[in-house]
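Right, one structure below, let's go through it.
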Amino acid sequence: MYEDTGSSTDTRRYIDRDRVEPHDRLMRDYFVEDSKFDGPFFRHRFRMSKMLFLKIVNDSEARFEYFQVRYDGRGKRSFTALQKCTSAIKQLYTGEPPDAYDEYLCIAERTSRESLEYFCDVVIALYKPEFLRKPTSHDVALITQAHEERHLISGMLGSLDCTHIE
């Protein structure tokens, strides 16, 4: 299980983590045709739709080397984009430490922390032009209209004081 790194002064230990089985388990649980957990359960666990999550994973893998499957000097496969993005999303929405999902994803604390950092950089790089910008007047009009239709309260975008509503 533990492997000596070969250096007597090196205090870090290498734990040989299985990377294939956790990926397969993740696929069986959420992403295959007859998955263990359905769409609403996925939305509850990941705080987004499965379609949006897979778009982010696919865009990340297509454009950024860190999220592409590689092999190390020993011929061991790296973690998949699905595993790295799952780790990052779970850290973001739960606030748990990076090693909290080690038992399920088999990702070390360091890799999990790296995944979060890269994930945030990737999301900003990929989606900033479209989604992380100041809203235009057209955007504000659409948001206001959608809010009015959903909540039946008009003019709430610029008002934080709701005491005038009976």
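We label chains A, B, ... in the order they appear in the structure tokens, count residues from 1 in each chain, and number ligands from 1 in the order shown.
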Inset, instruction - List the neighbours of Tyr118 (chain A) out to 9 Å using only C-alpha atoms; skip same-chain residues closer than 3 positions along the sequence, and give me the result as a PyMOL selection string. - result: chain A and resi 66-67+88+113-115+121-123
Kindly save the residues from that selection, with N, CA, C and O atoms included, as an mmCIF file, in the first residue's frame.
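Output (result_11.cif):
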```
data_model
loop_
_atom_site.group_PDB
_atom_site.id
_atom_site.type_symbol
_atom_site.label_atom_id
_atom_site.label_comp_id
_atom_site.auth_asym_id
_atom_site.auth_seq_id
_atom_site.Cartn_x
_atom_site.Cartn_y
_atom_site.Cartn_z
ATOM 1 N N TYR A 66 -4.299 19.978 -18.065
ATOM 2 C CA TYR A 66 -4.412 19.420 -16.719
ATOM 3 C C TYR A 66 -5.586 18.451 -16.606
ATOM 4 O O TYR A 66 -5.522 17.479 -15.861
ATOM 5 N N PHE A 67 -6.642 18.683 -17.350
ATOM 6 C CA PHE A 67 -7.840 17.850 -17.249
ATOM 7 C C PHE A 67 -7.852 16.694 -18.247
ATOM 8 O O PHE A 67 -8.801 15.925 -18.287
ATOM 9 N N ALA A 88 -13.528 19.193 -7.290
ATOM 10 C CA ALA A 88 -13.566 20.657 -7.196
ATOM 11 C C ALA A 88 -14.967 21.162 -6.867
ATOM 12 O O ALA A 88 -15.140 22.001 -5.973
ATOM 13 N N ARG A 113 -6.745 19.636 -4.040
ATOM 14 C CA ARG A 113 -6.540 21.086 -3.928
ATOM 15 C C ARG A 113 -6.116 21.676 -5.281
ATOM 16 O O ARG A 113 -6.610 22.711 -5.703
ATOM 17 N N GLU A 114 -5.211 20.988 -5.980
ATOM 18 C CA GLU A 114 -4.790 21.423 -7.319
ATOM 19 C C GLU A 114 -5.973 21.452 -8.280
ATOM 20 O O GLU A 114 -6.118 22.379 -9.069
ATOM 21 N N SER A 115 -6.815 20.429 -8.187
ATOM 22 C CA SER A 115 -7.984 20.351 -9.064
ATOM 23 C C SER A 115 -8.902 21.543 -8.849
ATOM 24 O O SER A 115 -9.427 22.113 -9.809
ATOM 25 N N ASP A 121 -9.710 28.463 -12.274
ATOM 26 C CA ASP A 121 -9.049 29.179 -13.368
ATOM 27 C C ASP A 121 -9.694 28.850 -14.717
ATOM 28 O O ASP A 121 -9.891 29.726 -15.559
ATOM 29 N N VAL A 122 -10.031 27.584 -14.909
ATOM 30 C CA VAL A 122 -10.622 27.137 -16.161
ATOM 31 C C VAL A 122 -12.014 27.738 -16.349
ATOM 32 O O VAL A 122 -12.357 28.207 -17.436
ATOM 33 N N VAL A 123 -12.822 27.715 -15.309
ATOM 34 C CA VAL A 123 -14.180 28.264 -15.413
ATOM 35 C C VAL A 123 -14.122 29.750 -15.769
ATOM 36 O O VAL A 123 -14.866 30.223 -16.626
#
```
Inset, instruction - Could you give me, as a ChimeraX atom specification, the residues within 7 Å of region 95-98 of chain A, counting only C-alpha atoms and dropping anything in the same chain fewer than 4 positions from it? - result: /A:91,109,112-113
Inset, instruction - Just list the residues in chain A DSSP gives strand (DSSP E or B) on the backbone, as a PyMOL selection string. - result: chain A and resi 2-3+14-15+71+77
Inset, instruction - Using backbone DSSP assignments, extract all alpha helix (DSSP H) residues from region 60-142 of chain A; output them as a PyMOL selection string. - result: chain A and resi 60-63+81-94+102-105+109-131+137-142
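CA of Ile15 (chain A) is found 17.8 Å from CA of Lys84 (chain A).
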